[in-house]
>>> print(open('run.pdb').read())   # PDB, C-alpha atoms
ATOM      1  CA  MET E  41      47.218 121.425  68.800
ATOM      2  CA  ASN E  42      49.080 118.230  67.832
ATOM      3  CA  GLY E  43      48.998 119.340  64.202
ATOM      4  CA  LYS E  44      50.671 122.615  65.159
ATOM      5  CA  LYS E  45      53.394 120.742  67.036
ATOM      6  CA  ILE E  46      54.040 118.443  64.101
ATOM      7  CA  GLY E  47      54.097 121.421  61.750
ATOM      8  CA  LEU E  48      56.574 123.189  64.009
ATOM      9  CA  MET E  49      58.873 120.145  64.003
ATOM     10  CA  LYS E  50      58.766 120.036  60.199
ATOM     11  CA  THR E  51      59.948 123.655  60.000
ATOM     12  CA  LEU E  52      63.102 122.778  61.934
ATOM     13  CA  SER E  53      66.277 121.666  60.189
ATOM     14  CA  PRO E  54      67.125 117.942  60.303
ATOM     15  CA  LYS E  55      69.991 118.671  62.692
ATOM     16  CA  ASN E  56      67.720 120.556  65.118
ATOM     17  CA  ARG E  57      65.138 117.768  64.942
ATOM     18  CA  ALA E  58      67.946 115.302  65.702
ATOM     19  CA  ILE E  59      69.078 117.357  68.707
ATOM     20  CA  ILE E  60      65.534 117.463  70.114
ATOM     21  CA  ALA E  61      65.151 113.721  69.573
ATOM     22  CA  MET E  62      68.489 113.051  71.306
ATOM     23  CA  LEU E  63      67.496 115.195  74.288
ATOM     24  CA  ILE E  64      64.211 113.283  74.587
ATOM     25  CA  SER E  65      66.211 110.059  74.335
ATOM     26  CA  ALA E  66      68.552 111.244  77.102
ATOM     27  CA  PHE E  67      65.606 112.112  79.349
ATOM     28  CA  SER E  68      63.999 108.724  78.658
ATOM     29  CA  PHE E  69      67.194 106.885  79.578
ATOM     30  CA  SER E  70      67.458 108.925  82.773
ATOM     31  CA  ILE E  71      63.903 107.816  83.653
ATOM     32  CA  MET E  72      65.031 104.235  83.058
ATOM     33  CA  GLY E  73      68.034 104.672  85.354
ATOM     34  CA  ILE E  74      65.958 106.240  88.123
ATOM     35  CA  ALA E  75      63.413 103.402  87.836
ATOM     36  CA  VAL E  76      66.189 100.800  88.153
ATOM     37  CA  LYS E  77      67.313 102.554  91.332
ATOM     38  CA  LEU E  78      63.756 102.743  92.702
ATOM     39  CA  ALA E  79      63.150  99.017  92.137
ATOM     40  CA  VAL E  80      65.606  98.282  94.935
ATOM     41  CA  ASP E  81      63.957  95.033  96.087
ATOM     42  CA  VAL E  82      63.457  93.571  92.605
ATOM     43  CA  PRO E  83      66.167  91.016  91.642
ATOM     44  CA  LEU E  84      68.623  92.143  88.966
ATOM     45  CA  TYR E  85      67.650  89.560  86.332
ATOM     46  CA  GLU E  86      63.977  90.337  86.783
ATOM     47  CA  LYS E  87      64.706  93.998  85.972
ATOM     48  CA  VAL E  88      66.670  93.053  82.848
ATOM     49  CA  PHE E  89      63.900  90.682  81.732
ATOM     50  CA  PHE E  90      61.187  93.333  82.008
ATOM     51  CA  ARG E  91      63.361  95.902  80.256
ATOM     52  CA  ASN E  92      63.793  93.702  77.185
ATOM     53  CA  PHE E  93      60.351  92.089  77.264
ATOM     54  CA  ILE E  94      58.657  95.468  76.886
ATOM     55  CA  THR E  95      60.999  96.498  74.054
ATOM     56  CA  LEU E  96      60.303  93.175  72.293
ATOM     57  CA  PHE E  97      56.706  94.162  71.467
ATOM     58  CA  LEU E  98      57.657  97.365  69.654
ATOM     59  CA  ALA E  99      60.509  95.612  67.862
ATOM     60  CA  PHE E 100      58.106  92.904  66.675
ATOM     61  CA  TYR E 101      55.706  95.566  65.389
ATOM     62  CA  MET E 102      58.509  97.438  63.593
ATOM     63  CA  VAL E 103      59.720  94.325  61.758
ATOM     64  CA  ARG E 104      56.198  93.238  60.870
ATOM     65  CA  LYS E 105      55.282  96.688  59.553
ATOM     66  CA  LYS E 106      58.355  96.821  57.313
ATOM     67  CA  GLY E 107      58.033  93.211  56.215
ATOM     68  CA  GLY E 108      61.600  92.486  57.253
ATOM     69  CA  SER E 109      63.294  89.458  58.733
ATOM     70  CA  TYR E 110      62.908  88.750  62.443
ATOM     71  CA  PHE E 111      66.143  86.785  62.809
ATOM     72  CA  GLY E 112      68.224  88.230  59.992
ATOM     73  CA  HIS E 113      70.044  86.579  57.128
ATOM     74  CA  ARG E 114      72.265  83.539  57.525
ATOM     75  CA  GLU E 115      75.530  85.412  56.887
ATOM     76  CA  SER E 116      74.731  88.060  59.499
ATOM     77  CA  ARG E 117      73.472  85.808  62.309
ATOM     78  CA  PRO E 118      76.910  85.256  63.891
ATOM     79  CA  PHE E 119      77.234  89.049  64.217
ATOM     80  CA  LEU E 120      73.674  89.375  65.520
ATOM     81  CA  LEU E 121      74.327  86.660  68.087
ATOM     82  CA  ALA E 122      77.656  88.150  69.195
ATOM     83  CA  ARG E 123      76.120  91.633  69.469
ATOM     84  CA  SER E 124      73.259  90.211  71.551
ATOM     85  CA  ILE E 125      75.513  88.274  73.953
ATOM     86  CA  ILE E 126      77.727  91.304  74.543
ATOM     87  CA  GLY E 127      74.674  93.554  74.756
ATOM     88  CA  VAL E 128      73.112  91.415  77.495
ATOM     89  CA  LEU E 129      76.345  91.514  79.491
ATOM     90  CA  GLY E 130      76.358  95.292  79.083
ATOM     91  CA  VAL E 131      72.788  95.689  80.357
ATOM     92  CA  VAL E 132      73.279  93.329  83.319
ATOM     93  CA  THR E 133      76.483  95.036  84.478
ATOM     94  CA  PHE E 134      75.019  98.511  83.989
ATOM     95  CA  TYR E 135      71.853  97.678  85.928
ATOM     96  CA  TYR E 136      73.953  96.241  88.749
ATOM     97  CA  ALA E 137      76.013  99.449  88.864
ATOM     98  CA  LEU E 138      72.865 101.591  88.852
ATOM     99  CA  SER E 139      71.644  99.699  91.914
ATOM    100  CA  GLU E 140      74.875 100.371  93.828
ATOM    101  CA  ILE E 141      76.069 103.889  92.909
ATOM    102  CA  ASP E 142      74.320 107.151  92.069
ATOM    103  CA  VAL E 143      72.631 107.333  88.673
ATOM    104  CA  ALA E 144      74.547 110.359  87.335
ATOM    105  CA  THR E 145      77.940 108.783  88.078
ATOM    106  CA  ALA E 146      76.990 105.387  86.628
ATOM    107  CA  THR E 147      75.574 107.053  83.515
ATOM    108  CA  THR E 148      78.740 109.098  82.965
ATOM    109  CA  ILE E 149      81.058 106.099  83.305
ATOM    110  CA  GLN E 150      78.907 104.089  80.930
ATOM    111  CA  LYS E 151      79.335 106.831  78.319
ATOM    112  CA  LEU E 152      82.995 105.803  78.016
ATOM    113  CA  SER E 153      81.623 103.373  75.431
ATOM    114  CA  GLN E 154      82.291 105.983  72.724
ATOM    115  CA  PHE E 155      86.032 105.580  73.294
ATOM    116  CA  TRP E 156      85.869 101.792  73.178
ATOM    117  CA  VAL E 157      83.963 102.041  69.887
ATOM    118  CA  LEU E 158      86.907 103.984  68.446
ATOM    119  CA  ILE E 159      89.439 101.431  69.657
ATOM    120  CA  PHE E 160      87.498  98.312  68.639
ATOM    121  CA  SER E 161      86.608  99.855  65.271
ATOM    122  CA  ALA E 162      90.298 100.563  64.684
ATOM    123  CA  ILE E 163      91.189  96.968  65.586
ATOM    124  CA  PHE E 164      88.407  95.064  63.820
ATOM    125  CA  LEU E 165      87.075  97.452  61.159
ATOM    126  CA  ASN E 166      90.359  99.147  60.210
ATOM    127  CA  GLU E 167      88.969 102.598  61.006
ATOM    128  CA  LYS E 168      91.403 105.403  61.843
ATOM    129  CA  ILE E 169      91.973 106.718  65.337
ATOM    130  CA  ARG E 170      94.109 109.761  66.096
ATOM    131  CA  LEU E 171      96.779 110.092  68.773
ATOM    132  CA  LYS E 172      94.805 112.902  70.439
ATOM    133  CA  GLN E 173      91.891 110.546  70.961
ATOM    134  CA  TYR E 174      94.081 108.186  72.991
ATOM    135  CA  LEU E 175      94.993 111.175  75.151
ATOM    136  CA  TYR E 176      91.300 111.988  75.661
ATOM    137  CA  LEU E 177      90.672 108.362  76.650
ATOM    138  CA  LEU E 178      93.475 108.598  79.218
ATOM    139  CA  ILE E 179      91.913 111.756  80.686
ATOM    140  CA  ALA E 180      88.539 110.010  80.860
ATOM    141  CA  LEU E 181      90.102 107.006  82.612
ATOM    142  CA  ILE E 182      91.632 109.341  85.193
ATOM    143  CA  GLY E 183      88.099 110.634  85.731
ATOM    144  CA  VAL E 184      86.900 107.063  86.346
ATOM    145  CA  ILE E 185      89.671 106.523  88.914
ATOM    146  CA  ILE E 186      88.633 109.700  90.751
ATOM    147  CA  VAL E 187      84.970 108.671  90.688
ATOM    148  CA  SER E 188      85.748 105.147  91.921
ATOM    149  CA  LYS E 189      87.524 106.385  95.081
ATOM    150  CA  PRO E 190      89.895 103.385  95.287
ATOM    151  CA  THR E 191      90.116 103.652  99.095
ATOM    152  CA  HIS E 192      86.347 103.025  99.385
ATOM    153  CA  ILE E 193      85.875  99.321  98.611
ATOM    154  CA  GLY E 194      82.081  99.626  98.647
ATOM    155  CA  ILE E 195      82.244 102.100  95.737
ATOM    156  CA  LEU E 196      85.231 100.619  93.899
ATOM    157  CA  TRP E 197      83.625  97.305  92.919
ATOM    158  CA  PRO E 198      80.371  98.668  91.408
ATOM    159  CA  THR E 199      82.423 101.364  89.647
ATOM    160  CA  LEU E 200      84.606  98.679  88.051
ATOM    161  CA  VAL E 201      81.468  96.768  87.031
ATOM    162  CA  CYS E 202      80.066  99.958  85.480
ATOM    163  CA  PHE E 203      83.390 100.445  83.690
ATOM    164  CA  ALA E 204      83.046  96.899  82.320
ATOM    165  CA  SER E 205      79.545  97.759  81.089
ATOM    166  CA  SER E 206      81.015 100.626  79.043
ATOM    167  CA  VAL E 207      83.463  98.186  77.426
ATOM    168  CA  PHE E 208      80.629  95.773  76.613
ATOM    169  CA  ALA E 209      78.605  98.651  75.149
ATOM    170  CA  GLY E 210      81.583  99.703  73.010
ATOM    171  CA  ILE E 211      81.938  96.185  71.611
ATOM    172  CA  ALA E 212      78.187  95.987  70.968
ATOM    173  CA  PHE E 213      78.215  99.323  69.097
ATOM    174  CA  THR E 214      81.147  98.085  67.017
ATOM    175  CA  PHE E 215      79.086  95.071  65.990
ATOM    176  CA  LEU E 216      76.260  97.475  65.091
ATOM    177  CA  SER E 217      78.616  99.280  62.717
ATOM    178  CA  LYS E 218      79.316  95.944  61.056
ATOM    179  CA  LEU E 219      75.654  94.911  60.968
ATOM    180  CA  LYS E 220      74.362  98.076  59.303
ATOM    181  CA  THR E 221      75.598  96.694  55.963
ATOM    182  CA  TYR E 222      73.591  93.497  56.483
ATOM    183  CA  GLU E 223      70.401  94.174  58.442
ATOM    184  CA  SER E 224      67.803  96.879  59.085
ATOM    185  CA  PRO E 225      67.701  98.548  62.520
ATOM    186  CA  SER E 226      64.325  96.925  63.297
ATOM    187  CA  THR E 227      65.754  93.432  62.720
ATOM    188  CA  ILE E 228      68.775  94.175  64.931
ATOM    189  CA  VAL E 229      66.569  95.531  67.748
ATOM    190  CA  PHE E 230      64.158  92.585  67.544
ATOM    191  CA  PHE E 231      66.940  89.966  67.541
ATOM    192  CA  PHE E 232      68.569  91.556  70.592
ATOM    193  CA  SER E 233      65.267  91.989  72.444
ATOM    194  CA  PHE E 234      64.198  88.415  71.694
ATOM    195  CA  PHE E 235      67.580  86.927  72.633
ATOM    196  CA  SER E 236      67.952  88.905  75.856
ATOM    197  CA  THR E 237      64.373  88.122  76.919
ATOM    198  CA  VAL E 238      64.856  84.372  76.382
ATOM    199  CA  VAL E 239      68.259  84.114  78.103
ATOM    200  CA  MET E 240      66.943  86.011  81.134
ATOM    201  CA  ILE E 241      64.088  83.542  81.760
ATOM    202  CA  ILE E 242      66.107  80.953  83.710
ATOM    203  CA  PRO E 243      68.141  83.443  85.828
ATOM    204  CA  MET E 244      64.917  85.324  86.544
ATOM    205  CA  ILE E 245      63.116  82.138  87.670
ATOM    206  CA  LEU E 246      66.025  81.124  89.920
ATOM    207  CA  SER E 247      65.978  84.488  91.696
ATOM    208  CA  PHE E 248      62.272  85.226  91.198
ATOM    209  CA  LYS E 249      60.441  87.472  93.627
ATOM    210  CA  MET E 250      56.745  88.214  93.453
ATOM    211  CA  ILE E 251      56.525  91.928  92.822
ATOM    212  CA  THR E 252      54.065  94.381  94.317
ATOM    213  CA  PHE E 253      51.791  96.614  92.255
ATOM    214  CA  TYR E 254      54.123  99.551  92.987
ATOM    215  CA  GLU E 255      57.117  97.577  91.723
ATOM    216  CA  LEU E 256      55.185  96.577  88.605
ATOM    217  CA  ILE E 257      54.570 100.258  87.828
ATOM    218  CA  ILE E 258      58.270 101.005  88.369
ATOM    219  CA  LEU E 259      59.306  98.134  86.070
ATOM    220  CA  LEU E 260      56.885  99.318  83.379
ATOM    221  CA  LEU E 261      58.315 102.830  83.738
ATOM    222  CA  MET E 262      61.815 101.378  83.405
ATOM    223  CA  GLY E 263      60.868  99.464  80.249
ATOM    224  CA  CYS E 264      59.117 102.472  78.715
ATOM    225  CA  GLY E 265      62.142 104.657  79.514
ATOM    226  CA  ALA E 266      64.466 102.203  77.774
ATOM    227  CA  LEU E 267      62.062 101.967  74.843
ATOM    228  CA  GLY E 268      61.732 105.741  74.486
ATOM    229  CA  GLY E 269      65.492 106.141  74.749
ATOM    230  CA  GLN E 270      66.101 103.651  71.930
ATOM    231  CA  VAL E 271      63.355 104.980  69.651
ATOM    232  CA  PHE E 272      64.328 108.645  69.907
ATOM    233  CA  MET E 273      68.019 107.846  69.627
ATOM    234  CA  THR E 274      67.253 105.981  66.402
ATOM    235  CA  ILE E 275      65.316 109.022  65.148
ATOM    236  CA  ALA E 276      68.215 111.319  66.075
ATOM    237  CA  TYR E 277      70.773 109.242  64.161
ATOM    238  CA  HIS E 278      68.365 109.032  61.224
ATOM    239  CA  GLU E 279      68.025 112.829  61.033
ATOM    240  CA  ALA E 280      71.721 113.703  61.445
ATOM    241  CA  SER E 281      75.147 112.120  61.685
ATOM    242  CA  ALA E 282      76.454 110.757  64.981
ATOM    243  CA  SER E 283      79.222 113.361  65.021
ATOM    244  CA  ASP E 284      76.577 116.123  65.063
ATOM    245  CA  VAL E 285      74.336 114.839  67.851
ATOM    246  CA  SER E 286      76.098 112.188  69.958
ATOM    247  CA  ILE E 287      77.387 114.746  72.475
ATOM    248  CA  TYR E 288      73.801 115.657  73.416
ATOM    249  CA  ALA E 289      73.371 112.170  74.884
ATOM    250  CA  TYR E 290      75.331 113.526  77.876
ATOM    251  CA  ALA E 291      72.227 115.493  78.843
ATOM    252  CA  ASN E 292      71.337 112.135  80.421
ATOM    253  CA  VAL E 293      73.813 112.941  83.205
ATOM    254  CA  PHE E 294      72.170 116.324  83.891
ATOM    255  CA  PHE E 295      68.640 114.883  83.866
ATOM    256  CA  SER E 296      69.696 112.013  86.148
ATOM    257  CA  ALA E 297      71.307 114.397  88.651
ATOM    258  CA  ILE E 298      68.220 116.633  88.758
ATOM    259  CA  LEU E 299      65.811 113.704  89.145
ATOM    260  CA  SER E 300      68.003 112.182  91.867
ATOM    261  CA  MET E 301      67.966 115.474  93.755
ATOM    262  CA  MET E 302      64.176 115.701  93.434
ATOM    263  CA  ILE E 303      63.558 112.124  94.590
ATOM    264  CA  TRP E 304      66.336 111.432  97.141
ATOM    265  CA  ASN E 305      67.596 114.966  97.804
ATOM    266  CA  THR E 306      71.104 113.778  96.900
ATOM    267  CA  LEU E 307      73.760 114.813  94.415
ATOM    268  CA  PRO E 308      77.173 113.304  93.559
ATOM    269  CA  ASP E 309      79.918 114.298  96.029
ATOM    270  CA  ILE E 310      82.787 116.618  95.094
ATOM    271  CA  TRP E 311      85.099 113.771  93.980
ATOM    272  CA  SER E 312      82.378 112.288  91.778
ATOM    273  CA  VAL E 313      81.668 115.716  90.275
ATOM    274  CA  MET E 314      85.379 116.186  89.482
ATOM    275  CA  GLY E 315      85.551 112.766  87.835
ATOM    276  CA  ILE E 316      82.325 113.347  85.906
ATOM    277  CA  LEU E 317      83.618 116.687  84.605
ATOM    278  CA  LEU E 318      86.857 115.053  83.433
ATOM    279  CA  ILE E 319      84.968 112.290  81.611
ATOM    280  CA  ILE E 320      82.506 114.694  79.975
ATOM    281  CA  GLY E 321      85.303 117.137  79.086
ATOM    282  CA  ALA E 322      87.368 114.384  77.460
ATOM    283  CA  SER E 323      84.279 113.142  75.636
ATOM    284  CA  TYR E 324      83.564 116.637  74.336
ATOM    285  CA  MET E 325      87.134 117.030  73.068
ATOM    286  CA  ASN E 326      86.851 113.645  71.366
ATOM    287  CA  PHE E 327      83.520 114.735  69.856
ATOM    288  CA  LYS E 328      85.149 117.861  68.391
ATOM    289  CA  GLU E 329      88.069 115.783  67.100
ATOM    290  CA  VAL E 330      85.669 113.458  65.267
ATOM    291  CA  GLN E 331      83.901 116.463  63.742
ATOM    292  CA  ARG E 332      87.240 117.949  62.659
ATOM    293  CA  TYR E 333      88.315 114.641  61.125
ATOM    294  CA  GLU E 334      85.049 114.261  59.192
ATOM    295  CA  LEU E 335      85.345 117.851  57.918
ATOM    296  CA  GLU E 336      88.899 117.208  56.711
ATOM    297  CA  GLU E 337      87.813 113.972  55.049
ATOM    298  CA  GLY E 338      84.947 115.791  53.312
ATOM    299  CA  GLN E 339      87.256 118.541  52.054
ATOM    300  CA  SER E 340      89.758 115.924  50.886
ATOM    301  CA  CYS E 341      87.045 114.136  48.903
ATOM    302  CA  CYS E 342      85.878 117.413  47.372
ATOM    303  CA  ASP E 343      89.451 118.297  46.373
ATOM    304  CA  HIS E 344      89.900 114.865  44.826
ATOM    305  CA  VAL E 345      86.685 115.199  42.803
ATOM    306  CA  SER E 346      87.539 118.710  41.628
ATOM    307  CA  ASN E 347      90.954 117.540  40.453
TER     308      ASN E 347
END
>>> encode(input="run.pdb", output="structure tokens")
Amino acid sequence: MNGKKIGLMKTLSPKNRAIIAMLISAFSFSIMGIAVKLAVDVPLYEKVFFRNFITLFLAFYMVRKKGGSYFGHRESRPFLLARSIIGVLGVVTFYYALSEIDVATATTIQKLSQFWVLIFSAIFLNEKIRLKQYLYLLIALIGVIIVSKPTHIGILWPTLVCFASSVFAGIAFTFLSKLKTYESPSTIVFFFSFFSTVVMIIPMILSFKMITFYELIILLLMGCGALGGQVFMTIAYHEASASDVSIYAYANVFFSAILSMMIWNTLPDIWSVMGILLIIGASYMNFKEVQRYELEEGQSCCDHVSN
């Protein structure tokens, strides 16, 4: 049976395999988000520690199998360290937001990271960004304002924290773009997992709570969800370009909403839905703009070669 499944996957085009992998990644990340929400009595830093500690084992195995470097090369370590510091801030702020607002809303806001990648890449990596993309960012920010319900202080603060997590994620992804010329993905994942596990030890001890067996299962589920999300996302980006598959990561929002309804019988309210639709719509338009830009660049290169 497994052989038939593997054979079926091989008959698919790389792009279709990438789409399937991205959908599995999105579902895995939604499991992670739901688990964070379920572990309501577990301190924040304890959640972050378990998330990275579980990932550390696979990252160690990946580096060892490929015979790569665990801590990278000397010239790339400043970038690895900066990416790890920003990455930890992103995880901590996102996990806090997940604990305070519904999973679908937090997940959607966090996806604003794609816009910050564009901006930071334009600033630090001299990559081009089009005027239309600034407009799409503005539309997405309006969506965040609607979701945050500024008159509701209890929702405003965690929404702003979630917004900050999207900025941190955008900076971290920008560092990843820089690091891909220096280090293998396995080295980058291991360095981040190792760093984030170590720096969480002291905060975790200071706020430590002895967990129950139920909470241990939830934390393991959270770690496995994060691990599956990372692994299948890596597979997706290996099989196809980001411009072809990145939009499918938004299936995370759909999966999170369905799981939330099944577990808590709740869905985002009408204002949250309106904000989510604005953010996803702006993200989709940005996705199409990136595809259009890459197509024009490809045609330009072909014309240059033919001439």
>>> resolve_selection(input="run.pdb", expression="the PyMOL selection byres ((chain E and resi 55) around 12)", output="PyMOL selection string")
chain E and resi 49-54+56-62+275-286+288
>>> closest_residue(input="run.pdb", among="E:Asn305, E:Ser188, E:Ser233, E:Thr199", to="Ala266 in chain E", atoms="only C-alpha atoms")
E:Ser233
>>> resolve_selection(input="run.pdb", expression="the PyMOL selection byres ((chain E and resi 181) around 10)", output="list of chain:residue names")
E:Ile149, E:Leu152, E:Leu175, E:Tyr176, E:Leu177, E:Leu178, E:Ile179, E:Ala180, E:Ile182, E:Gly183, E:Val184, E:Ile185, E:Ile186, E:Val187, E:Phe203, E:Gly315, E:Leu318, E:Ile319, E:Ala322
>>> atom_distance(input="run.pdb", atom1="CA of Gly107 in chain E", atom2="CA of Ile241 in chain E")
28.0 Å
>>> resolve_selection(input="run.pdb", expression="the PyMOL selection byres ((chain E and resi 218) around 10)", output="PyMOL selection string")
chain E and resi 116+119-120+123+161+164-165+212-217+219-223
>>> decode(input="run.pdb", residues="range 159-182 of chain E", atoms="C-alpha atoms", output="PDB file, in the first residue's frame")
ATOM      1  CA  ILE E 159      10.371  45.494   2.409  1.00  0.00           C
ATOM      2  CA  PHE E 160      13.429  44.247   4.314  1.00  0.00           C
ATOM      3  CA  SER E 161      14.787  42.535   1.193  1.00  0.00           C
ATOM      4  CA  ALA E 162      14.432  45.817  -0.694  1.00  0.00           C
ATOM      5  CA  ILE E 163      16.261  47.677   2.087  1.00  0.00           C
ATOM      6  CA  PHE E 164      19.053  45.220   2.892  1.00  0.00           C
ATOM      7  CA  LEU E 165      19.350  42.980  -0.183  1.00  0.00           C
ATOM      8  CA  ASN E 166      18.585  45.581  -2.868  1.00  0.00           C
ATOM      9  CA  GLU E 167      15.695  43.520  -4.238  1.00  0.00           C
ATOM     10  CA  LYS E 168      12.951  45.292  -6.193  1.00  0.00           C
ATOM     11  CA  ILE E 169       9.514  46.018  -4.804  1.00  0.00           C
ATOM     12  CA  ARG E 170       6.680  47.434  -6.890  1.00  0.00           C
ATOM     13  CA  LEU E 171       4.359  50.298  -5.984  1.00  0.00           C
ATOM     14  CA  LYS E 172       1.349  47.959  -6.165  1.00  0.00           C
ATOM     15  CA  GLN E 173       2.854  45.812  -3.436  1.00  0.00           C
ATOM     16  CA  TYR E 174       2.920  48.778  -1.052  1.00  0.00           C
ATOM     17  CA  LEU E 175      -0.777  49.234  -1.797  1.00  0.00           C
ATOM     18  CA  TYR E 176      -1.438  45.566  -0.978  1.00  0.00           C
ATOM     19  CA  LEU E 177       0.462  45.989   2.297  1.00  0.00           C
ATOM     20  CA  LEU E 178      -1.724  48.989   3.155  1.00  0.00           C
ATOM     21  CA  ILE E 179      -4.870  46.930   2.493  1.00  0.00           C
ATOM     22  CA  ALA E 180      -3.515  44.144   4.699  1.00  0.00           C
ATOM     23  CA  LEU E 181      -2.752  46.626   7.491  1.00  0.00           C
ATOM     24  CA  ILE E 182      -6.332  47.894   7.305  1.00  0.00           C
TER      25      ILE E 182
END
